[in-house]
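Novice: I'd like to ask some things about the structure below.
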Amino acid sequence: MRIQVLGPLSAEVDGGSIVPSAGKPRQILALLALYPGRVMPVPTLMEEIWSTAPPQSALTTLQTYILQLRRRLGTAMGTDTPSRAKDILATRHGGYLLQIPEESVDVHDYERLVREGQAAFETGDNAVSAARFKAALDLWRGGALVDVRIGPILDIEVRRLQESRLMTVERRVDAELRLGRHAELIAEMTELTARHPQHEGLHSQLMVALYRSGRQASALEAYRRLRMRLIEELGVEPSPQLQRLHQAMLAVDPLLDVLAGPRHSSTFDLFAA
């Protein structure tokens with residue numbers, strides 16, 4: 001079995017899809033897939049499907065959805081398969097679980113690659129770090145579970161994954177800036193800051209990429225636009241480290257040309273106190 005949640009929901013057994021077309025069974029499959037090998041309690045599944053207002057028939061309806069998923073699983077597995085669908089989509093005391101290896105789900109490959117990238121980042125192995133982060137990001141095929149109806153439990157999971165994706169982008173860019181790839185990053189960072197107009201970390205990376213590419217005026221203009229946006233929309237000034245980065249650019253501080261500092265910190269923390 002192979003399940004993908006980093007984009008549209010996909011679940012295949014020997015090339016046959018087991019993803020149901022109905023919304024609520026899709027939610028159940030998605031939630032179980034995020035935690036392979038772990039029991040998902042019935043109350044959690046009910047909360048995901050019906051929030052705080054489950055019908056009186058909730059338990060019976062949930063059992064029907066599980067049965068529908070097992071039927072799809074059994075059809076994909078074929079009658080000559082010794083394993084049974086209920087052994088994979090198993091019932092346990094108080095809940096259900098998918099008995100499949102973690103590596104069967106793309107999110108666990110993603111998280112493993114992110115851990116490897118972070119470990120390399122912290123030791124200063126920038127080439128390996130950038131490659132691992134890029135491999136992790138390449139697993140994404142769009143927004144997480146973009147075609148699944150999202151209840152309160154999946155909403156938390158999707159938000160967590162989206163935040164992790166953005167953080168991984170930042171770390172990958174940090175690693176590539178250390179490798180001197182500033183010019184190649186400008187177009188990507190321009191797009192990212194447009195998508196996240198209040199994100200100081202991404203703006204700091206764009207500023208450094210522009211500055212190191214000989215575009216000091218453009219770097220200062222990026223700071224000016226961010227500052228005006230923060231003041232107008234939130235009523236706050238940029239953070240102290242971003243202000244220090246701006247002052248360093250005005251002063252043409254030689255530290256800005258150091259590709260990797262001794263602390264192996266992020267670009268945003270280049271001028272942290």
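Ligands are numbered from 1 in the order shown, chains are lettered A, B, ... in the order of the structure tokens, and residues start at 1 in each chain.
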Give me every strand (DSSP E) residue in region 48-150 of chain A, going by DSSP on the backbone, as a PyMOL selection string.
Specialist: chain A and resi 89-92+95-98
Novice: Could you take the residues named above and write them with N, CA and C atoms, as a PDB file, in the first residue's frame?
Specialist:
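Result saved to part12.pdb:
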ATOM      1  N   LEU A  89      -7.062  -2.704   7.905  1.00  0.00           N
ATOM      2  CA  LEU A  89      -7.888  -1.692   8.571  1.00  0.00           C
ATOM      3  C   LEU A  89      -8.527  -2.393   9.767  1.00  0.00           C
ATOM      4  N   ALA A  90      -7.785  -2.369  10.865  1.00  0.00           N
ATOM      5  CA  ALA A  90      -8.107  -3.238  12.000  1.00  0.00           C
ATOM      6  C   ALA A  90      -8.930  -2.524  13.062  1.00  0.00           C
ATOM      7  N   THR A  91      -9.725  -3.307  13.755  1.00  0.00           N
ATOM      8  CA  THR A  91     -10.490  -2.835  14.906  1.00  0.00           C
ATOM      9  C   THR A  91      -9.714  -3.138  16.172  1.00  0.00           C
ATOM     10  N   ARG A  92      -9.622  -2.159  17.023  1.00  0.00           N
ATOM     11  CA  ARG A  92      -9.000  -2.341  18.331  1.00  0.00           C
ATOM     12  C   ARG A  92      -9.952  -1.778  19.388  1.00  0.00           C
ATOM     13  N   GLY A  95     -11.211   1.860  19.079  1.00  0.00           N
ATOM     14  CA  GLY A  95     -10.828   2.600  17.878  1.00  0.00           C
ATOM     15  C   GLY A  95     -10.441   1.716  16.710  1.00  0.00           C
ATOM     16  N   TYR A  96      -9.804   2.347  15.720  1.00  0.00           N
ATOM     17  CA  TYR A  96      -9.381   1.675  14.501  1.00  0.00           C
ATOM     18  C   TYR A  96      -7.962   2.119  14.149  1.00  0.00           C
ATOM     19  N   LEU A  97      -7.278   1.295  13.345  1.00  0.00           N
ATOM     20  CA  LEU A  97      -5.952   1.670  12.886  1.00  0.00           C
ATOM     21  C   LEU A  97      -5.657   1.036  11.550  1.00  0.00           C
ATOM     22  N   LEU A  98      -4.751   1.685  10.811  1.00  0.00           N
ATOM     23  CA  LEU A  98      -4.203   1.104   9.593  1.00  0.00           C
ATOM     24  C   LEU A  98      -2.904   0.405   9.953  1.00  0.00           C
TER      25      LEU A  98
END
Novice: Near region 104-112 of chain A, within 6 Å and counting only C-alpha atoms, which residues show up once chain neighbours fewer than 5 positions away are dropped, as a VMD selection string?
Specialist: chain A and resid 2 to 4 136
Novice: Write out as a ChimeraX atom specification which residues come within 10 Å of Ala131 (chain A) when counting only C-alpha atoms, dropping same-chain ones fewer than 2 positions away.
Specialist: /A:113,116-117,120,126-129,133-137,172,175-176
Novice: Residues as selected, N, CA and C atoms, written as a tab-separated table (two decimals), in the first residue's frame, can you do that?
Specialist:
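And here is the file that came out, selection.tsv:
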chain	number	residue	atom	x	y	z
A	113	LEU	N	13.24	13.01	5.84
A	113	LEU	CA	14.16	13.83	5.06
A	113	LEU	C	14.40	15.19	5.72
A	116	GLU	N	16.89	14.67	8.52
A	116	GLU	CA	18.23	14.50	7.97
A	116	GLU	C	18.79	15.85	7.49
A	117	GLY	N	17.94	16.65	6.87
A	117	GLY	CA	18.38	17.96	6.42
A	117	GLY	C	18.75	18.87	7.57
A	120	ALA	N	22.13	17.81	9.08
A	120	ALA	CA	23.24	18.27	8.25
A	120	ALA	C	23.41	19.78	8.37
A	126	ASN	N	26.25	21.95	4.29
A	126	ASN	CA	25.21	22.69	3.59
A	126	ASN	C	24.73	22.00	2.32
A	127	ALA	N	25.62	21.36	1.60
A	127	ALA	CA	25.21	20.69	0.36
A	127	ALA	C	24.24	19.55	0.65
A	128	VAL	N	24.56	18.74	1.65
A	128	VAL	CA	23.67	17.64	2.03
A	128	VAL	C	22.37	18.19	2.58
A	129	SER	N	22.47	19.23	3.40
A	129	SER	CA	21.27	19.83	3.98
A	129	SER	C	20.32	20.33	2.90
A	133	PHE	N	16.53	18.77	2.18
A	133	PHE	CA	15.36	19.63	2.25
A	133	PHE	C	14.63	19.67	0.90
A	134	LYS	N	15.40	19.74	-0.18
A	134	LYS	CA	14.77	19.78	-1.50
A	134	LYS	C	14.02	18.47	-1.78
A	135	ALA	N	14.64	17.34	-1.42
A	135	ALA	CA	13.97	16.05	-1.62
A	135	ALA	C	12.67	15.98	-0.82
A	136	ALA	N	12.69	16.53	0.40
A	136	ALA	CA	11.48	16.55	1.22
A	136	ALA	C	10.39	17.39	0.56
A	137	LEU	N	10.76	18.56	0.07
A	137	LEU	CA	9.78	19.46	-0.55
A	137	LEU	C	9.25	18.91	-1.87
A	172	ARG	N	15.93	25.28	3.65
A	172	ARG	CA	16.59	24.97	2.39
A	172	ARG	C	17.24	26.22	1.80
A	175	ALA	N	20.40	27.05	3.67
A	175	ALA	CA	21.51	26.20	3.24
A	175	ALA	C	22.05	26.66	1.89
A	176	GLU	N	21.18	27.04	0.98
A	176	GLU	CA	21.64	27.45	-0.34
A	176	GLU	C	22.31	28.82	-0.30
Novice: Fewer than 6 positions away in the same chain doesn't count, so skip those; otherwise give me all residues within 9 Å of Leu154 (chain A), counting only C-alpha atoms, as a CSV table (one decimal) with C-alpha atoms, in the first residue's frame.
Specialist:
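The resulting file, part-v3.csv, is shown below:
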chain,number,residue,atom,x,y,z
A,27,GLN,CA,-11.8,12.0,6.1
A,30,ALA,CA,-6.9,10.5,5.7
A,31,LEU,CA,-6.9,10.7,9.5
A,48,GLU,CA,-13.5,14.9,12.9
A,145,LEU,CA,-5.2,16.9,1.7
Novice: Calculated over only C-alpha atoms, which of the candidates A:Glu233, A:Asp257, A:Glu102, A:Glu47 has the smallest distance to Ile28 (chain A)?
Specialist: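 Under the stated criterion, the closest residue is A:Glu47.
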Novice: Going by DSSP on the backbone, which bits of region 92-249 of chain A are alpha helix (DSSP H)? Write them as an MDAnalysis selection string, please.
Specialist: chainID A and resid 106:122 126:138 152:178 182:195 200:212 216:234 240:249
Novice: Would you output that residue set with C-alpha atoms, as a short mmCIF file (atom, residue, chain, number, x, y, z; two decimals), in the first residue's frame?
Specialist:
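Contents of the output file out.cif:
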data_model
loop_
_atom_site.label_atom_id
_atom_site.label_comp_id
_atom_site.auth_asym_id
_atom_site.auth_seq_id
_atom_site.Cartn_x
_atom_site.Cartn_y
_atom_site.Cartn_z
CA ASP A 106 4.55 10.07 2.10
CA VAL A 107 4.37 12.35 5.13
CA HIS A 108 6.71 10.06 7.05
CA ASP A 109 9.24 10.09 4.20
CA TYR A 110 8.95 13.87 4.23
CA GLU A 111 9.56 14.15 7.97
CA ARG A 112 12.54 11.76 7.81
CA LEU A 113 14.16 13.83 5.06
CA VAL A 114 13.54 17.03 7.03
CA ARG A 115 15.25 15.52 10.09
CA GLU A 116 18.23 14.50 7.97
CA GLY A 117 18.38 17.96 6.42
CA GLN A 118 18.25 19.65 9.81
CA ALA A 119 21.00 17.42 11.20
CA ALA A 120 23.24 18.27 8.25
CA PHE A 121 22.35 21.95 8.61
CA GLU A 122 23.40 22.00 12.26
CA ASN A 126 25.21 22.69 3.59
CA ALA A 127 25.21 20.69 0.36
CA VAL A 128 23.67 17.64 2.03
CA SER A 129 21.27 19.83 3.98
CA ALA A 130 20.00 21.61 0.86
CA ALA A 131 19.64 18.30 -0.99
CA ARG A 132 17.65 16.65 1.82
CA PHE A 133 15.36 19.63 2.25
CA LYS A 134 14.77 19.78 -1.50
CA ALA A 135 13.97 16.05 -1.62
CA ALA A 136 11.48 16.55 1.22
CA LEU A 137 9.78 19.46 -0.55
CA ASP A 138 9.63 17.54 -3.83
CA PRO A 152 -11.44 20.03 13.39
CA ILE A 153 -8.85 17.25 13.80
CA LEU A 154 -7.60 17.24 10.22
CA ASP A 155 -7.55 21.04 10.29
CA ILE A 156 -4.91 20.94 13.02
CA GLU A 157 -2.88 18.37 11.08
CA VAL A 158 -3.08 20.28 7.80
CA ARG A 159 -2.04 23.53 9.47
CA ARG A 160 0.91 21.74 11.11
CA LEU A 161 2.03 20.28 7.79
CA GLN A 162 1.70 23.58 5.95
CA GLU A 163 3.75 25.34 8.63
CA SER A 164 6.36 22.59 8.47
CA ARG A 165 6.52 22.95 4.68
CA LEU A 166 7.18 26.69 4.94
CA MET A 167 9.83 26.15 7.61
CA THR A 168 11.52 23.56 5.41
CA VAL A 169 11.58 26.03 2.54
CA GLU A 170 13.28 28.55 4.84
CA ARG A 171 15.90 26.05 5.97
CA ARG A 172 16.59 24.97 2.39
CA VAL A 173 17.08 28.59 1.36
CA ASP A 174 19.37 29.14 4.35
CA ALA A 175 21.51 26.20 3.24
CA GLU A 176 21.64 27.45 -0.34
CA LEU A 177 22.57 30.96 0.77
CA ARG A 178 25.47 29.42 2.69
CA HIS A 182 22.11 33.94 -3.76
CA ALA A 183 21.57 35.05 -7.36
CA GLU A 184 19.68 31.85 -8.23
CA LEU A 185 17.34 32.38 -5.26
CA ILE A 186 16.12 35.89 -6.02
CA ALA A 187 13.18 34.95 -8.28
CA GLU A 188 11.95 32.26 -5.86
CA MET A 189 12.28 34.54 -2.84
CA THR A 190 10.46 37.37 -4.63
CA GLU A 191 7.52 35.02 -5.20
CA LEU A 192 7.60 33.65 -1.65
CA THR A 193 7.60 37.10 -0.05
CA ALA A 194 4.65 38.07 -2.26
CA ARG A 195 2.78 34.99 -1.02
CA GLU A 200 10.15 38.44 8.27
CA GLY A 201 12.31 35.35 7.83
CA LEU A 202 11.58 35.11 4.10
CA HIS A 203 12.13 38.84 3.69
CA SER A 204 15.49 38.62 5.43
CA GLN A 205 16.53 35.91 2.98
CA LEU A 206 15.40 37.97 0.00
CA MET A 207 17.31 40.97 1.35
CA VAL A 208 20.52 38.97 1.77
CA ALA A 209 20.17 37.35 -1.66
CA LEU A 210 19.71 40.75 -3.28
CA TYR A 211 22.53 42.36 -1.32
CA ARG A 212 25.02 39.61 -2.12
CA GLN A 216 21.83 46.86 -2.30
CA ALA A 217 19.12 49.33 -3.30
CA SER A 218 16.67 46.51 -4.05
CA ALA A 219 17.46 44.88 -0.70
CA LEU A 220 16.76 48.14 1.13
CA GLU A 221 13.54 48.61 -0.83
CA ALA A 222 12.37 45.12 0.19
CA TYR A 223 12.87 46.14 3.83
CA ARG A 224 11.03 49.43 3.31
CA ARG A 225 8.00 47.70 1.79
CA LEU A 226 7.88 45.14 4.61
CA ARG A 227 8.20 47.83 7.27
CA MET A 228 5.37 49.89 5.80
CA ARG A 229 3.16 46.81 5.56
CA LEU A 230 3.80 45.82 9.19
CA ILE A 231 3.10 49.35 10.41
CA GLU A 232 -0.07 49.80 8.34
CA GLU A 233 -1.56 46.35 8.89
CA LEU A 234 -0.33 45.37 12.37
CA PRO A 240 15.15 43.99 16.24
CA GLN A 241 17.22 41.47 14.25
CA LEU A 242 15.65 42.56 10.98
CA GLN A 243 16.30 46.20 11.88
CA ARG A 244 19.94 45.31 12.60
CA LEU A 245 20.16 43.52 9.23
CA HIS A 246 18.84 46.67 7.57
CA GLN A 247 21.37 48.86 9.39
CA ALA A 248 24.17 46.47 8.41
CA MET A 249 23.21 46.88 4.77
#
